[in-house]
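The next block is coords_39.json, given as JSON, C-alpha atoms.
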```
[["chain", "number", "residue", "atom", "x", "y", "z"],
["A", 1, "ASN", "CA", 39.35, 4.32, -72.41],
["A", 2, "ALA", "CA", 39.00, 7.99, -71.52],
["A", 3, "GLY", "CA", 36.12, 9.03, -69.36],
["A", 4, "VAL", "CA", 33.90, 12.07, -69.77],
["A", 5, "MET", "CA", 36.11, 15.06, -70.48],
["A", 6, "GLN", "CA", 35.09, 18.56, -69.52],
["A", 7, "ASN", "CA", 36.96, 21.76, -70.15],
["A", 8, "PRO", "CA", 37.89, 24.17, -68.95],
["A", 9, "ARG", "CA", 38.20, 22.96, -65.39],
["A", 10, "HIS", "CA", 37.86, 26.50, -64.07],
["A", 11, "LEU", "CA", 36.37, 29.47, -65.88],
["A", 12, "VAL", "CA", 36.30, 33.04, -64.66],
["A", 13, "ARG", "CA", 34.05, 35.56, -66.36],
["A", 14, "ARG", "CA", 32.99, 39.11, -65.63],
["A", 15, "ARG", "CA", 29.31, 39.97, -65.52],
["A", 16, "GLY", "CA", 27.89, 40.35, -69.02],
["A", 17, "GLN", "CA", 30.44, 38.07, -70.72],
["A", 18, "GLU", "CA", 29.71, 34.74, -72.34],
["A", 19, "ALA", "CA", 30.71, 31.37, -70.89],
["A", 20, "ARG", "CA", 31.24, 28.28, -73.06],
["A", 21, "LEU", "CA", 31.57, 24.92, -71.36],
["A", 22, "ARG", "CA", 32.63, 21.85, -73.32],
["A", 23, "CYS", "CA", 31.95, 18.17, -72.77],
["A", 24, "SER", "CA", 33.20, 15.13, -74.65],
["A", 25, "PRO", "CA", 31.25, 12.01, -73.66],
["A", 26, "MET", "CA", 32.77, 8.61, -73.04],
["A", 27, "LYS", "CA", 33.65, 6.67, -76.17],
["A", 28, "GLY", "CA", 30.58, 4.93, -77.47],
["A", 29, "HIS", "CA", 28.13, 7.13, -75.56],
["A", 30, "SER", "CA", 25.67, 9.19, -77.57],
["A", 31, "HIS", "CA", 23.59, 10.61, -74.69],
["A", 32, "VAL", "CA", 24.77, 13.71, -72.85],
["A", 33, "TYR", "CA", 23.29, 15.41, -69.81],
["A", 34, "TRP", "CA", 24.17, 18.70, -68.14],
["A", 35, "TYR", "CA", 23.69, 19.26, -64.41],
["A", 36, "ARG", "CA", 24.37, 22.32, -62.26],
["A", 37, "GLN", "CA", 25.49, 22.21, -58.64],
["A", 38, "LEU", "CA", 25.19, 25.40, -56.65],
["A", 39, "PRO", "CA", 27.20, 25.80, -53.43],
["A", 40, "GLU", "CA", 25.68, 23.73, -50.62],
["A", 41, "GLU", "CA", 23.00, 22.38, -52.96],
["A", 42, "GLY", "CA", 22.43, 19.17, -54.86],
["A", 43, "LEU", "CA", 22.76, 18.42, -58.53],
["A", 44, "LYS", "CA", 19.99, 19.93, -60.64],
["A", 45, "PHE", "CA", 19.18, 18.59, -64.09],
["A", 46, "MET", "CA", 19.44, 21.10, -66.90],
["A", 47, "VAL", "CA", 19.29, 19.43, -70.30],
["A", 48, "TYR", "CA", 19.47, 16.05, -72.04],
["A", 49, "LEU", "CA", 20.84, 15.79, -75.57],
["A", 50, "GLN", "CA", 21.56, 13.19, -78.18],
["A", 51, "LYS", "CA", 23.57, 13.87, -81.30],
["A", 52, "GLU", "CA", 22.06, 16.93, -83.00],
["A", 53, "ASN", "CA", 18.91, 16.76, -80.88],
["A", 54, "ILE", "CA", 17.71, 18.29, -77.63],
["A", 55, "ILE", "CA", 15.60, 15.62, -75.95],
["A", 56, "ASP", "CA", 14.65, 17.39, -72.71],
["A", 57, "GLU", "CA", 15.54, 20.93, -71.71],
["A", 58, "SER", "CA", 13.02, 21.30, -68.91],
["A", 59, "GLY", "CA", 15.74, 22.25, -66.40],
["A", 60, "MET", "CA", 17.29, 24.99, -68.49],
["A", 61, "PRO", "CA", 16.59, 28.63, -67.64],
["A", 62, "LYS", "CA", 14.51, 30.11, -70.44],
["A", 63, "GLU", "CA", 16.90, 32.96, -71.13],
["A", 64, "ARG", "CA", 20.65, 33.19, -71.69],
["A", 65, "PHE", "CA", 21.26, 29.42, -71.55],
["A", 66, "SER", "CA", 21.58, 27.13, -74.55],
["A", 67, "ALA", "CA", 23.07, 23.72, -75.27],
["A", 68, "GLU", "CA", 24.04, 21.77, -78.33],
["A", 69, "PHE", "CA", 25.55, 18.42, -79.21],
["A", 70, "PRO", "CA", 26.64, 18.59, -82.85],
["A", 71, "LYS", "CA", 27.25, 15.63, -85.13],
["A", 72, "GLU", "CA", 30.97, 16.21, -84.77],
["A", 73, "GLY", "CA", 32.71, 17.55, -81.71],
["A", 74, "PRO", "CA", 31.85, 18.04, -78.06],
["A", 75, "SER", "CA", 28.62, 19.14, -76.45],
["A", 76, "ILE", "CA", 28.59, 22.85, -75.60],
["A", 77, "LEU", "CA", 26.70, 24.58, -72.81],
["A", 78, "ARG", "CA", 26.58, 28.31, -73.49],
["A", 79, "ILE", "CA", 25.65, 30.98, -71.00],
["A", 80, "GLN", "CA", 25.26, 34.46, -72.41],
["A", 81, "GLN", "CA", 25.55, 37.67, -70.37],
["A", 82, "VAL", "CA", 26.55, 35.85, -67.22],
["A", 83, "VAL", "CA", 25.43, 37.11, -63.82],
["A", 84, "ARG", "CA", 26.83, 36.37, -60.35],
["A", 85, "GLY", "CA", 24.07, 33.83, -59.72],
["A", 86, "ASP", "CA", 25.42, 31.68, -62.54],
["A", 87, "SER", "CA", 28.49, 30.89, -60.44],
["A", 88, "ALA", "CA", 28.35, 27.13, -59.86],
["A", 89, "ALA", "CA", 29.87, 23.81, -60.80],
["A", 90, "TYR", "CA", 28.54, 22.51, -64.09],
["A", 91, "PHE", "CA", 28.75, 18.78, -64.61],
["A", 92, "CYS", "CA", 28.33, 16.84, -67.78],
["A", 93, "ALA", "CA", 27.38, 13.16, -67.78],
["A", 94, "SER", "CA", 27.04, 10.61, -70.53],
["A", 95, "SER", "CA", 25.38, 7.25, -70.94],
["A", 96, "GLN", "CA", 24.93, 4.59, -73.57],
["A", 97, "GLY", "CA", 21.18, 5.07, -73.47],
["A", 98, "MET", "CA", 19.16, 2.09, -74.71],
["A", 99, "GLY", "CA", 17.99, 1.34, -71.17],
["A", 100, "ASP", "CA", 21.41, 1.75, -69.55],
["A", 101, "GLU", "CA", 20.70, 4.34, -66.88],
["A", 102, "LYS", "CA", 24.16, 4.60, -65.35],
["A", 103, "LEU", "CA", 25.56, 8.08, -65.66],
["A", 104, "PHE", "CA", 29.27, 8.71, -66.06],
["A", 105, "PHE", "CA", 30.20, 12.20, -64.92],
["A", 106, "GLY", "CA", 33.06, 14.47, -65.86],
["A", 107, "SER", "CA", 35.03, 16.40, -63.26],
["A", 108, "GLY", "CA", 32.99, 19.51, -63.90],
["A", 109, "THR", "CA", 33.65, 23.12, -64.81],
["A", 110, "GLN", "CA", 33.70, 25.58, -61.94],
["A", 111, "LEU", "CA", 32.32, 28.87, -63.24],
["A", 112, "SER", "CA", 33.06, 31.98, -61.25],
["A", 113, "VAL", "CA", 31.41, 35.25, -62.24],
["A", 114, "LEU", "CA", 33.09, 38.38, -60.92],
["B", 115, "SER", "CA", 6.30, 18.45, -56.20],
["B", 116, "GLN", "CA", 8.89, 15.69, -56.12],
["B", 117, "LYS", "CA", 11.07, 15.73, -53.06],
["B", 118, "ILE", "CA", 14.09, 13.66, -52.03],
["B", 119, "GLU", "CA", 15.48, 13.79, -48.52],
["B", 120, "GLN", "CA", 18.75, 12.25, -47.44],
["B", 121, "ASN", "CA", 19.38, 11.81, -43.74],
["B", 122, "SER", "CA", 21.39, 14.45, -41.89],
["B", 123, "GLU", "CA", 23.82, 16.43, -43.94],
["B", 124, "ALA", "CA", 26.74, 14.81, -42.12],
["B", 125, "LEU", "CA", 27.37, 11.38, -40.65],
["B", 126, "ASN", "CA", 30.43, 10.56, -38.54],
["B", 127, "ILE", "CA", 31.34, 6.99, -37.66],
["B", 128, "GLN", "CA", 34.30, 5.01, -36.39],
["B", 129, "GLU", "CA", 36.39, 2.89, -38.72],
["B", 130, "GLY", "CA", 35.17, -0.69, -38.92],
["B", 131, "LYS", "CA", 31.54, 0.19, -38.15],
["B", 132, "THR", "CA", 28.65, 0.01, -40.61],
["B", 133, "ALA", "CA", 27.50, 3.29, -42.09],
["B", 134, "THR", "CA", 23.80, 3.52, -42.95],
["B", 135, "LEU", "CA", 22.55, 6.33, -45.17],
["B", 136, "THR", "CA", 18.88, 7.01, -45.83],
["B", 137, "CYS", "CA", 17.09, 8.31, -48.88],
["B", 138, "ASN", "CA", 13.37, 9.15, -48.60],
["B", 139, "TYR", "CA", 11.21, 10.48, -51.39],
["B", 140, "THR", "CA", 7.69, 11.83, -51.88],
["B", 141, "ASN", "CA", 5.46, 12.50, -54.88],
["B", 142, "TYR", "CA", 7.52, 10.18, -57.05],
["B", 143, "SER", "CA", 7.19, 6.65, -58.38],
["B", 144, "PRO", "CA", 10.71, 5.86, -59.56],
["B", 145, "ALA", "CA", 11.47, 2.92, -61.79],
["B", 146, "TYR", "CA", 14.95, 2.75, -60.30],
["B", 147, "LEU", "CA", 17.16, 4.34, -57.71],
["B", 148, "GLN", "CA", 20.90, 4.92, -57.90],
["B", 149, "TRP", "CA", 23.62, 5.76, -55.40],
["B", 150, "TYR", "CA", 26.66, 7.84, -56.31],
["B", 151, "ARG", "CA", 29.79, 8.88, -54.47],
["B", 152, "GLN", "CA", 31.16, 12.39, -54.85],
["B", 153, "ASP", "CA", 34.55, 13.57, -53.61],
["B", 154, "PRO", "CA", 35.34, 17.30, -53.21],
["B", 155, "GLY", "CA", 35.98, 18.98, -56.55],
["B", 156, "ARG", "CA", 35.05, 15.87, -58.54],
["B", 157, "GLY", "CA", 32.05, 14.58, -60.39],
["B", 158, "PRO", "CA", 29.79, 11.88, -58.92],
["B", 159, "VAL", "CA", 30.81, 8.27, -59.45],
["B", 160, "PHE", "CA", 28.17, 5.58, -59.96],
["B", 161, "LEU", "CA", 28.03, 2.91, -57.26],
["B", 162, "LEU", "CA", 24.82, 0.89, -57.42],
["B", 163, "LEU", "CA", 21.45, 0.81, -59.16],
["B", 164, "ILE", "CA", 18.36, -0.92, -57.79],
["B", 165, "ARG", "CA", 15.08, -1.29, -59.65],
["B", 166, "GLU", "CA", 11.56, -0.95, -58.27],
["B", 167, "ASN", "CA", 10.99, -4.72, -58.36],
["B", 168, "GLU", "CA", 14.19, -5.45, -56.43],
["B", 169, "LYS", "CA", 14.44, -5.46, -52.65],
["B", 170, "GLU", "CA", 18.19, -5.57, -52.16],
["B", 171, "LYS", "CA", 21.44, -5.28, -54.10],
["B", 172, "ARG", "CA", 25.00, -5.96, -52.95],
["B", 173, "LYS", "CA", 28.43, -5.09, -54.27],
["B", 174, "GLU", "CA", 31.46, -5.92, -52.17],
["B", 175, "ARG", "CA", 31.04, -3.95, -48.90],
["B", 176, "LEU", "CA", 28.02, -2.05, -50.20],
["B", 177, "LYS", "CA", 24.36, -2.97, -49.79],
["B", 178, "VAL", "CA", 21.30, -1.11, -50.99],
["B", 179, "THR", "CA", 17.67, -1.76, -50.10],
["B", 180, "PHE", "CA", 14.64, -0.30, -51.81],
["B", 181, "ASP", "CA", 11.18, -0.19, -50.21],
["B", 182, "THR", "CA", 8.64, 1.32, -52.59],
["B", 183, "THR", "CA", 5.91, 1.12, -49.93],
["B", 184, "LEU", "CA", 7.89, 3.19, -47.45],
["B", 185, "LYS", "CA", 9.35, 5.22, -50.34],
["B", 186, "GLN", "CA", 12.79, 4.71, -48.91],
["B", 187, "SER", "CA", 16.21, 3.36, -49.79],
["B", 188, "LEU", "CA", 18.93, 2.46, -47.31],
["B", 189, "PHE", "CA", 22.59, 2.42, -48.31],
["B", 190, "HIS", "CA", 24.99, 0.45, -46.10],
["B", 191, "ILE", "CA", 28.79, 0.41, -46.09],
["B", 192, "THR", "CA", 30.09, -2.40, -43.92],
["B", 193, "ALA", "CA", 33.56, -2.48, -42.34],
["B", 194, "SER", "CA", 33.90, 1.22, -43.15],
["B", 195, "GLN", "CA", 37.32, 2.72, -43.85],
["B", 196, "PRO", "CA", 38.61, 6.31, -43.80],
["B", 197, "ALA", "CA", 38.81, 6.06, -47.61],
["B", 198, "ASP", "CA", 35.02, 5.75, -47.66],
["B", 199, "SER", "CA", 34.76, 9.36, -46.46],
["B", 200, "ALA", "CA", 32.87, 11.27, -49.17],
["B", 201, "THR", "CA", 29.46, 12.66, -50.01],
["B", 202, "TYR", "CA", 26.91, 10.05, -51.10],
["B", 203, "LEU", "CA", 24.05, 10.99, -53.38],
["B", 204, "CYS", "CA", 20.88, 9.10, -54.12],
["B", 205, "ALA", "CA", 19.15, 9.67, -57.44],
["B", 206, "LEU", "CA", 15.73, 8.62, -58.69],
["B", 207, "GLY", "CA", 14.90, 7.88, -62.29],
["B", 208, "SER", "CA", 11.98, 6.85, -64.45],
["B", 209, "ASN", "CA", 11.92, 4.79, -67.62],
["B", 210, "THR", "CA", 10.34, 7.61, -69.56],
["B", 211, "ASN", "CA", 13.13, 10.04, -68.79],
["B", 212, "ALA", "CA", 16.23, 7.89, -68.64],
["B", 213, "GLY", "CA", 19.15, 10.01, -67.56],
["B", 214, "LYS", "CA", 17.05, 12.83, -66.19],
["B", 215, "SER", "CA", 17.73, 11.65, -62.70],
["B", 216, "THR", "CA", 16.56, 13.65, -59.70],
["B", 217, "PHE", "CA", 19.31, 13.88, -57.10],
["B", 218, "GLY", "CA", 19.13, 14.32, -53.36],
["B", 219, "ASP", "CA", 21.38, 16.89, -51.68],
["B", 220, "GLY", "CA", 23.68, 14.17, -50.37],
["B", 221, "THR", "CA", 25.01, 12.97, -47.04],
["B", 222, "THR", "CA", 28.64, 13.64, -46.15],
["B", 223, "LEU", "CA", 30.16, 10.62, -44.47],
["B", 224, "THR", "CA", 33.31, 10.88, -42.38],
["B", 225, "VAL", "CA", 34.95, 7.69, -41.19],
["B", 226, "LYS", "CA", 37.38, 8.29, -38.35],
["B", 227, "PRO", "CA", 40.37, 6.00, -37.82]]
```

Write out the structure in this file as structure tokens.
Amino acid sequence: NAGVMQNPRHLVRRRGQEARLRCSPMKGHSHVYWYRQLPEEGLKFMVYLQKENIIDESGMPKERFSAEFPKEGPSILRIQQVVRGDSAAYFCASSQGMGDEKLFFGSGTQLSVL
Amino acid sequence: SQKIEQNSEALNIQEGKTATLTCNYTNYSPAYLQWYRQDPGRGPVFLLLIRENEKEKRKERLKVTFDTTLKQSLFHITASQPADSATYLCALGSNTNAGKSTFGDGTTLTVKP
């Protein structure tokens, strides 16, 4: 029973390029969450999605960031025109929902912007 | 604004002793509180969840207490081992925003042999 899968594990982008981070939730989980962890800081909530719906995006920067969780395929976190400040570890988590609050995290994508 | 504070960034103890980590919060009325373990370069791993109407929860060598009056949770690891060395995160959640947990910055525990 595979856990939450994130890829790529490491992503290097130059300023102005686009970054696409992928997340496949655990089997049977339909709730996906994205968190960002900056160096020496804690996890910060970004967005909460269910299949084809954004439930809560209150933690997402208003510009350049978007997320989707299509009917088929993984959830995608997209960062357009990356800047150095976007360098961080991005973690995806999934849950069963329906009152089950336990989050299962992937190993994260380390984004480095040169 | 909501604030979560975890005791000292780093905690060093001797193997076999009990490690006690603290999580304090303000401007929040959580329905539940969770503790996670995070190793370097890895995602957090769920350990325990305790609800607002529960005082204490145990799992093997782990014990969590939750005092909603003091707005504090204590996380204990008894008979600590070097393998327990990691960063421990507390996270608060509400029933209206399940999954949108608010995390503390973590306490890094080092257990010395």

- Message: Taking 6 positions as the minimum chain separation for residues in the same chain, which residues sit within 9 Å of Trp34 in chain A when counting only C-alpha atoms? Answer as an MDAnalysis selection string.
- Response: chainID A and resid 44:49 67 77 90:94

List as a Markdown table every residue of chain B that is in contact with chain A, defined as an atom at most 7 Å from one of its atoms (using all atoms listed in the file), together with the nearest atom pair and the distance in Å rounded to one decimal, sorted by chain and then rising number.
```
| residue | atom | partner | partner_atom | distance |
| --- | --- | --- | --- | --- |
| B:Arg156 | CA | A:Ser107 | CA | 4.7 |
| B:Gly157 | CA | A:Ser107 | CA | 4.5 |
| B:Pro158 | CA | A:Phe105 | CA | 6.0 |
| B:Val159 | CA | A:Phe105 | CA | 6.8 |
| B:Phe160 | CA | A:Leu103 | CA | 6.7 |
| B:Ala212 | CA | A:Glu101 | CA | 6.0 |
| B:Gly213 | CA | A:Glu101 | CA | 5.9 |
| B:Lys214 | CA | A:Phe45 | CA | 6.5 |
| B:Phe217 | CA | A:Leu43 | CA | 5.9 |
| B:Gly218 | CA | A:Gly42 | CA | 6.1 |
| B:Asp219 | CA | A:Gly42 | CA | 4.1 |
| B:Gly220 | CA | A:Gly42 | CA | 6.8 |
```

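When CA of Lys177 in chain B is paired with CA of Ile127 in chain B, their separation reads 17.2 Å.
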
### Task
May I ask for the distance between CA of Lys71 in chain A and CA of Arg20 in chain A, given in Å to one decimal place?
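Distance reported for this atom pair: 17.9 Å.
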
Between B:Thr132, B:Arg151, B:Pro144, B:Lys185, which has the minimum distance to Cys204 in chain B (counting all atoms listed in the file)?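 That would be B:Arg151, the residue with the smallest distance to Cys204 in chain B.
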
Take CA of Arg64 in chain A and CA of Arg78 in chain A and report the distance between them in Å, one decimal.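 Calculated distance between CA of Arg64 in chain A and CA of Arg78 in chain A is 7.9 Å.
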
| request: List the neighbours of Met5 in chain A out to 7 Å using all atoms listed in the file; skip same-chain residues closer than 6 positions along the sequence, and give me the result as a ChimeraX atom specification. | output: /A:23-25,106

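Non-sequential neighbours of Ser215 in chain B (distance at most 8 Å, separation of 5 or more positions within a chain, all atoms listed in the file) are Phe45 of chain A; Ala205, Leu206, Gly207 and Ser208 of chain B.
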
The residue from A:Phe65, A:Val113, A:Gly73, A:Arg36 with the smallest atom-to-atom distance to Glu52 in chain A, counting only C-alpha atoms, is A:Gly73

What's the 12 Å shell around Phe189 in chain B, counting all atoms listed in the file, without same-chain residues fewer than 4 positions away, as a compact mmCIF listing (two decimals) with C-alpha atoms, in the frame of the given file?
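Final output, part.txt:
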```
# COMPACT_ATOMS: atom_id res chain seq x y z
CA GLN B 120 18.75 12.25 -47.44
CA ASN B 121 19.38 11.81 -43.74
CA THR B 132 28.65 0.01 -40.61
CA ALA B 133 27.50 3.29 -42.09
CA THR B 134 23.80 3.52 -42.95
CA LEU B 135 22.55 6.33 -45.17
CA THR B 136 18.88 7.01 -45.83
CA CYS B 137 17.09 8.31 -48.88
CA ASN B 138 13.37 9.15 -48.60
CA LEU B 147 17.16 4.34 -57.71
CA GLN B 148 20.90 4.92 -57.90
CA TRP B 149 23.62 5.76 -55.40
CA TYR B 150 26.66 7.84 -56.31
CA ARG B 151 29.79 8.88 -54.47
CA LEU B 161 28.03 2.91 -57.26
CA LEU B 162 24.82 0.89 -57.42
CA LEU B 163 21.45 0.81 -59.16
CA ILE B 164 18.36 -0.92 -57.79
CA GLU B 170 18.19 -5.57 -52.16
CA LYS B 171 21.44 -5.28 -54.10
CA ARG B 172 25.00 -5.96 -52.95
CA LYS B 173 28.43 -5.09 -54.27
CA ARG B 175 31.04 -3.95 -48.90
CA LEU B 176 28.02 -2.05 -50.20
CA LYS B 177 24.36 -2.97 -49.79
CA VAL B 178 21.30 -1.11 -50.99
CA THR B 179 17.67 -1.76 -50.10
CA PHE B 180 14.64 -0.30 -51.81
CA ASP B 181 11.18 -0.19 -50.21
CA TYR B 202 26.91 10.05 -51.10
CA LEU B 203 24.05 10.99 -53.38
CA CYS B 204 20.88 9.10 -54.12
CA GLY B 220 23.68 14.17 -50.37
CA THR B 221 25.01 12.97 -47.04
CA LEU B 223 30.16 10.62 -44.47
```

Draw an axis-aligned box tight on the listed atoms of range 162-171 of chain B, then pad every side by 4 Å and write out centre and edge lengths in Å to one decimal as lines of an AutoDock Vina configuration file.
```
center_x = 17.9
center_y = -2.3
center_z = -55.9
size_x = 21.8
size_y = 14.5
size_z = 15.5
```

Might you pull out every residue within 12 Å of range 85-87 of chain A, with all atoms listed in the file counted and same-chain residues fewer than 4 positions away left off, and present them as a CSV table (one decimal) with C-alpha atoms, in the coordinates of the input?
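out14.csv written:
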```
chain,number,residue,atom,x,y,z
A,10,HIS,CA,37.9,26.5,-64.1
A,11,LEU,CA,36.4,29.5,-65.9
A,12,VAL,CA,36.3,33.0,-64.7
A,13,ARG,CA,34.0,35.6,-66.4
A,14,ARG,CA,33.0,39.1,-65.6
A,15,ARG,CA,29.3,40.0,-65.5
A,16,GLY,CA,27.9,40.4,-69.0
A,17,GLN,CA,30.4,38.1,-70.7
A,18,GLU,CA,29.7,34.7,-72.3
A,19,ALA,CA,30.7,31.4,-70.9
A,36,ARG,CA,24.4,22.3,-62.3
A,37,GLN,CA,25.5,22.2,-58.6
A,38,LEU,CA,25.2,25.4,-56.6
A,39,PRO,CA,27.2,25.8,-53.4
A,61,PRO,CA,16.6,28.6,-67.6
A,64,ARG,CA,20.6,33.2,-71.7
A,65,PHE,CA,21.3,29.4,-71.6
A,78,ARG,CA,26.6,28.3,-73.5
A,79,ILE,CA,25.6,31.0,-71.0
A,80,GLN,CA,25.3,34.5,-72.4
A,81,GLN,CA,25.6,37.7,-70.4
A,109,THR,CA,33.6,23.1,-64.8
A,110,GLN,CA,33.7,25.6,-61.9
A,111,LEU,CA,32.3,28.9,-63.2
A,112,SER,CA,33.1,32.0,-61.2
A,113,VAL,CA,31.4,35.2,-62.2
A,114,LEU,CA,33.1,38.4,-60.9
```
